[in-house]
Amino acid sequence: MARDEFFRDVRRAVSFMAPRVEADSPFTDASYIEKMLRGADLWLTPKVVEAFRPEDYADVGERNREDLSRAVSDFMAVARTVLRETPAKPEQRDAALEPFKRIIQTVQSLVHEDWIRASTALLADAEVWAKEEGWPTKRFSKDITEDFIGKYRQDRLIFAAEGAQLALVPVGRYAPGTEGMFDLAVLPAYDSVMVIRQAGRWFVHPLSSEDRQQDWSKDAFVTTSLKLARLP
Amino acid sequence: MRPGKKTDRCERIKAVEREYQVAELARIALEDALTQHSGLLSAGNLTVVDLRNYRSKLHDTYFIRLFAEFETGMKDYWTNGLGQDPRTRIMDVISSVGARCNIIAAWRINVHSARKYRNRLIHEEDAVAESVTVTQARRDLGRFFGSLPENW
């Protein structure tokens, strides 16, 4: 999907220049971003926004959609003037900086909203299914910090099955090869399976290498939870 | 009960295991890439010997980090939860907390096995200590730590 590709390209362009400091989430610090973008120009290329298609943002509010389209077009106008063989001139960098910062902020916000929506729906599914099984449930919030989308809060779902305490715990939006990941774990040993999101769908990883990945469903959730609860 | 210091620490221990799993995947990818481009190492002024060392030390490096998360949490509970002397050896902290919290004997033994293996790795003590995998240690340390109160 072009939208995912565009998000990936923007994130990658920013990643080139930021150190991996998990604690203070540099990607969401506007002044830090400006400083690092001024220091290098690897991001100043039309390729970064090549995958942008306005029609992919029909679900986004009109104002945001127009802002993003304008920022992409302003950025592209400058990026096209930068010669491939030579570094960008300071005035080119300055001209591209503002639109690129607007692109970054919009993408961060869209990724964050999408992730919160998807992860909240996953938790709601699990909570309903656990209650249908007669398993007591509780939710507790967890603070998460990720490079690109910064700090946010999401719930972990704690529930009990067959005398074991289990938890569905958010790991993060950015996990290699996925669009988000949770751990379904038995406490306190934390033996777990991964619940991953790919192409907008959730899947449950198998507990043993002999089993196969399952679509996220009540059956997959219940059987996997029981397998975890029954671990020695 | 609302997750507190105990749950946070258990999740940190789990996160180290996850990082180790990523590192193992990265090692496999690197070794695969090296079969296609043998110059990858020399470009970074590295040799096959460095790769061999990396491979052999990868597990131990993460094991030490995993145990450090557990040890930090235990010392925090010992000092701030129980008001005990922070200079107490971790061996004694584990034994004392195990007794105070009525932790199952098998779990205590497993945690001491992990401690001895950690000592073997960093102090070259306990040379006869049996190897413990990161996953086994995460399970044993998590169970032990999970027997503590949620907050202190």
# chains A, B, ... in the order shown; residues from 1 in each chain; ligands from 1
call {"tool": "closest_atom_pairs", "arguments": {"of": "chain B", "to": "chain A", "cutoff": "8 Å", "atoms": "only C-alpha atoms", "output": "CSV"}}
result
residue,atom,partner,partner_atom,distance
B:Arg2,CA,A:Phe140,CA,6.3
B:Pro3,CA,A:Phe140,CA,6.9
B:Cys10,CA,A:Pro188,CA,7.2
B:Glu11,CA,A:Tyr190,CA,8.0
B:Lys14,CA,A:Tyr190,CA,6.6
B:Arg138,CA,A:Ala189,CA,7.0
B:Arg139,CA,A:Ala189,CA,4.4
B:Asp140,CA,A:Ala189,CA,6.7
B:Leu141,CA,A:Ala189,CA,7.5
B:Gly142,CA,A:Ala189,CA,4.6
B:Arg143,CA,A:Ala189,CA,4.8
B:Phe145,CA,A:Pro188,CA,7.7
B:Gly146,CA,A:Pro188,CA,4.9
call {"tool": "residues_around", "arguments": {"residues": "segment 50-54 of chain B", "least_positions_apart": "3", "cutoff": "10 Å", "atoms": "only C-alpha atoms", "output": "list of chain:residue names"}}
result
B:Arg27, B:Leu30, B:Glu31, B:Leu41, B:Asn45, B:Leu46, B:Thr47, B:Lys57, B:Leu58, B:His59, B:Thr61
call {"tool": "write_last_selection", "arguments": {"atoms": "all heavy atoms", "output": "short mmCIF file (atom, residue, chain, number, x, y, z; two decimals), in the first residue's frame"}}
result
data_model
loop_
_atom_site.label_atom_id
_atom_site.label_comp_id
_atom_site.auth_asym_id
_atom_site.auth_seq_id
_atom_site.Cartn_x
_atom_site.Cartn_y
_atom_site.Cartn_z
N ARG B 27 22.35 -11.86 13.70
CA ARG B 27 23.57 -12.65 13.47
C ARG B 27 23.37 -13.58 12.26
O ARG B 27 24.23 -13.68 11.39
CB ARG B 27 23.89 -13.49 14.71
CG ARG B 27 25.08 -14.42 14.55
CD ARG B 27 25.26 -15.36 15.73
NE ARG B 27 24.14 -16.26 15.95
CZ ARG B 27 23.89 -17.35 15.23
NH1 ARG B 27 24.67 -17.68 14.23
NH2 ARG B 27 22.85 -18.11 15.50
N LEU B 30 23.45 -11.57 9.17
CA LEU B 30 24.82 -11.13 8.87
C LEU B 30 25.61 -12.29 8.25
O LEU B 30 26.30 -12.10 7.23
CB LEU B 30 25.51 -10.65 10.15
CG LEU B 30 27.00 -10.36 10.02
CD1 LEU B 30 27.26 -9.20 9.06
CD2 LEU B 30 27.62 -10.03 11.39
N GLU B 31 25.49 -13.45 8.84
CA GLU B 31 26.25 -14.60 8.32
C GLU B 31 25.78 -14.95 6.91
O GLU B 31 26.59 -15.32 6.05
CB GLU B 31 26.12 -15.78 9.28
CG GLU B 31 26.89 -15.52 10.57
CD GLU B 31 26.80 -16.62 11.61
OE1 GLU B 31 25.97 -17.53 11.45
OE2 GLU B 31 27.55 -16.55 12.59
N LEU B 41 32.99 -7.60 6.24
CA LEU B 41 33.75 -7.48 7.49
C LEU B 41 34.99 -6.61 7.29
O LEU B 41 35.25 -5.71 8.08
CB LEU B 41 34.18 -8.86 8.00
CG LEU B 41 33.10 -9.70 8.70
CD1 LEU B 41 33.67 -11.06 9.08
CD2 LEU B 41 32.56 -9.00 9.93
N ASN B 45 37.03 -3.03 8.86
CA ASN B 45 38.29 -3.33 9.53
C ASN B 45 38.13 -4.48 10.55
O ASN B 45 38.72 -4.45 11.62
CB ASN B 45 38.85 -2.08 10.20
CG ASN B 45 40.36 -2.13 10.29
OD1 ASN B 45 41.00 -2.90 9.57
ND2 ASN B 45 40.94 -1.34 11.18
N LEU B 46 37.29 -5.44 10.18
CA LEU B 46 37.03 -6.58 11.06
C LEU B 46 37.41 -7.87 10.34
O LEU B 46 37.54 -7.89 9.10
CB LEU B 46 35.55 -6.63 11.44
CG LEU B 46 35.03 -5.43 12.24
CD1 LEU B 46 33.52 -5.38 12.23
CD2 LEU B 46 35.55 -5.49 13.67
N THR B 47 37.56 -8.93 11.12
CA THR B 47 37.96 -10.21 10.51
C THR B 47 37.00 -11.31 10.95
O THR B 47 36.14 -11.11 11.80
CB THR B 47 39.38 -10.61 10.96
OG1 THR B 47 39.31 -10.92 12.37
CG2 THR B 47 40.38 -9.50 10.72
N LYS B 57 30.02 -14.99 21.99
CA LYS B 57 29.73 -14.18 23.19
C LYS B 57 28.31 -13.61 23.22
O LYS B 57 27.90 -13.04 24.24
CB LYS B 57 30.70 -13.00 23.27
CG LYS B 57 32.16 -13.37 23.46
CD LYS B 57 32.42 -13.81 24.89
CE LYS B 57 33.88 -13.87 25.27
NZ LYS B 57 34.75 -14.65 24.44
N LEU B 58 27.60 -13.76 22.11
CA LEU B 58 26.29 -13.10 22.01
C LEU B 58 25.34 -13.55 23.13
O LEU B 58 24.75 -12.73 23.84
CB LEU B 58 25.67 -13.40 20.64
CG LEU B 58 24.44 -12.59 20.26
CD1 LEU B 58 24.75 -11.11 20.25
CD2 LEU B 58 23.92 -13.02 18.90
N HIS B 59 25.22 -14.83 23.30
CA HIS B 59 24.32 -15.35 24.34
C HIS B 59 24.75 -14.87 25.72
O HIS B 59 23.92 -14.40 26.51
CB HIS B 59 24.30 -16.88 24.29
CG HIS B 59 23.52 -17.47 25.43
ND1 HIS B 59 24.11 -17.78 26.64
CD2 HIS B 59 22.21 -17.76 25.55
CE1 HIS B 59 23.17 -18.23 27.46
NE2 HIS B 59 22.02 -18.25 26.82
N THR B 61 26.50 -12.31 26.61
CA THR B 61 26.30 -10.87 26.80
C THR B 61 24.87 -10.58 27.24
O THR B 61 24.62 -9.82 28.18
CB THR B 61 26.58 -10.13 25.47
OG1 THR B 61 27.92 -10.42 25.08
CG2 THR B 61 26.41 -8.63 25.60
#
call {"tool": "residues_around", "arguments": {"residues": "Tyr174 of chain A", "least_positions_apart": "3", "cutoff": "10 Å", "atoms": "only C-alpha atoms", "output": "JSON, numbers by chain"}}
result
{"A": [115, 146, 147, 148, 149, 171, 177, 178, 179, 180, 181]}
call {"tool": "atom_distance", "arguments": {"atom1": "atom CA of Ile109 of chain B", "atom2": "atom CA of Asp85 of chain B"}}
result
23.2 Å
call {"tool": "residues_around", "arguments": {"residues": "Arg115 of chain B", "least_positions_apart": "6", "cutoff": "12 Å", "atoms": "only C-alpha atoms", "output": "ChimeraX atom specification"}}
result
/B:63-64,66-68,70-71,89-95,108-109,121-123,125-126,129-132,137,140-141
call {"tool": "write_last_selection", "arguments": {"atoms": "C-alpha atoms", "output": "PDB file, in the first residue's frame"}}
result
ATOM      1  CA  PHE B  63      22.549 -13.416  29.800  1.00  0.00           C
ATOM      2  CA  ILE B  64      24.591 -10.951  31.851  1.00  0.00           C
ATOM      3  CA  LEU B  66      19.211 -10.280  31.867  1.00  0.00           C
ATOM      4  CA  PHE B  67      20.645 -11.146  35.249  1.00  0.00           C
ATOM      5  CA  ALA B  68      21.585  -7.504  35.847  1.00  0.00           C
ATOM      6  CA  PHE B  70      16.961  -9.113  38.016  1.00  0.00           C
ATOM      7  CA  GLU B  71      19.775  -8.153  40.372  1.00  0.00           C
ATOM      8  CA  ARG B  89      25.794 -10.018  48.506  1.00  0.00           C
ATOM      9  CA  ILE B  90      23.195 -10.975  45.898  1.00  0.00           C
ATOM     10  CA  MET B  91      23.615 -14.631  46.899  1.00  0.00           C
ATOM     11  CA  ASP B  92      22.417 -13.791  50.420  1.00  0.00           C
ATOM     12  CA  VAL B  93      19.707 -11.455  49.146  1.00  0.00           C
ATOM     13  CA  ILE B  94      18.258 -14.255  47.011  1.00  0.00           C
ATOM     14  CA  SER B  95      18.344 -16.756  49.901  1.00  0.00           C
ATOM     15  CA  ARG B 108      15.193 -20.622  44.477  1.00  0.00           C
ATOM     16  CA  ILE B 109      17.580 -23.329  43.314  1.00  0.00           C
ATOM     17  CA  LEU B 121      30.764 -15.586  32.874  1.00  0.00           C
ATOM     18  CA  ILE B 122      31.953 -12.401  34.514  1.00  0.00           C
ATOM     19  CA  HIS B 123      34.157 -13.418  37.412  1.00  0.00           C
ATOM     20  CA  GLU B 125      34.175 -18.160  39.372  1.00  0.00           C
ATOM     21  CA  ASP B 126      31.995 -21.226  39.713  1.00  0.00           C
ATOM     22  CA  ALA B 129      28.354 -23.964  37.060  1.00  0.00           C
ATOM     23  CA  GLU B 130      26.069 -25.414  34.442  1.00  0.00           C
ATOM     24  CA  SER B 131      25.065 -23.342  31.443  1.00  0.00           C
ATOM     25  CA  VAL B 132      21.653 -21.709  31.584  1.00  0.00           C
ATOM     26  CA  ALA B 137      16.791 -17.753  33.040  1.00  0.00           C
ATOM     27  CA  ASP B 140      13.235 -18.717  36.489  1.00  0.00           C
ATOM     28  CA  LEU B 141      14.058 -15.129  37.385  1.00  0.00           C
TER      29      LEU B 141
END
call {"tool": "closest_residue", "arguments": {"among": "B:Gly73, B:Gly44, B:Gly39, B:Pro86", "to": "Thr7 of chain B", "atoms": "only C-alpha atoms"}}
result
B:Gly73
call {"tool": "closest_residue", "arguments": {"among": "B:Thr35, B:Met74, B:Ser96, B:Ala114", "to": "Thr135 of chain B", "atoms": "only C-alpha atoms"}}
result
B:Ala114
call {"tool": "atom_distance", "arguments": {"atom1": "atom CA of Leu83 of chain A", "atom2": "atom CA of Leu40 of chain B"}}
result
29.3 Å
call {"tool": "atom_distance", "arguments": {"atom1": "atom CA of Pro232 of chain A", "atom2": "atom CA of Phe144 of chain B"}}
result
14.9 Å
call {"tool": "select_by_dssp", "arguments": {"residues": "segment 59-182 of chain A", "states": "strand (DSSP E or B)", "output": "PyMOL selection string"}}
result
chain A and resi 137-146+150-161+164-172+181-182
call {"tool": "write_last_selection", "arguments": {"atoms": "C-alpha atoms", "output": "CSV table (one decimal), in the first residue's frame"}}
result
chain,number,residue,atom,x,y,z
A,137,THR,CA,-10.2,-9.3,33.5
A,138,LYS,CA,-8.7,-6.0,34.4
A,139,ARG,CA,-6.9,-3.3,32.4
A,140,PHE,CA,-3.9,-1.3,33.5
A,141,SER,CA,-2.2,1.4,31.5
A,142,LYS,CA,1.4,1.0,30.3
A,143,ASP,CA,3.7,3.9,29.3
A,144,ILE,CA,5.5,3.2,26.0
A,145,THR,CA,8.2,5.2,24.3
A,146,GLU,CA,9.1,4.6,20.6
A,150,GLY,CA,7.3,9.2,21.0
A,151,LYS,CA,5.6,8.6,24.3
A,152,TYR,CA,2.1,7.3,24.6
A,153,ARG,CA,0.0,5.2,26.9
A,154,GLN,CA,-1.9,2.0,26.1
A,155,ASP,CA,-3.6,-0.6,28.3
A,156,ARG,CA,-2.4,-4.0,29.1
A,157,LEU,CA,-5.1,-6.6,29.7
A,158,ILE,CA,-4.6,-8.9,32.7
A,159,PHE,CA,-6.9,-11.9,33.0
A,160,ALA,CA,-7.0,-15.2,34.7
A,161,ALA,CA,-7.6,-18.7,33.2
A,164,ALA,CA,-3.0,-18.8,35.9
A,165,GLN,CA,-2.6,-15.1,35.5
A,166,LEU,CA,-2.1,-14.0,31.9
A,167,ALA,CA,-1.5,-10.7,30.2
A,168,LEU,CA,-1.9,-9.2,26.8
A,169,VAL,CA,0.8,-6.5,26.8
A,170,PRO,CA,1.5,-4.0,24.1
A,171,VAL,CA,5.2,-4.1,22.9
A,172,GLY,CA,5.1,-1.4,20.3
A,181,MET,CA,3.1,-6.3,18.3
A,182,PHE,CA,1.7,-7.5,21.6
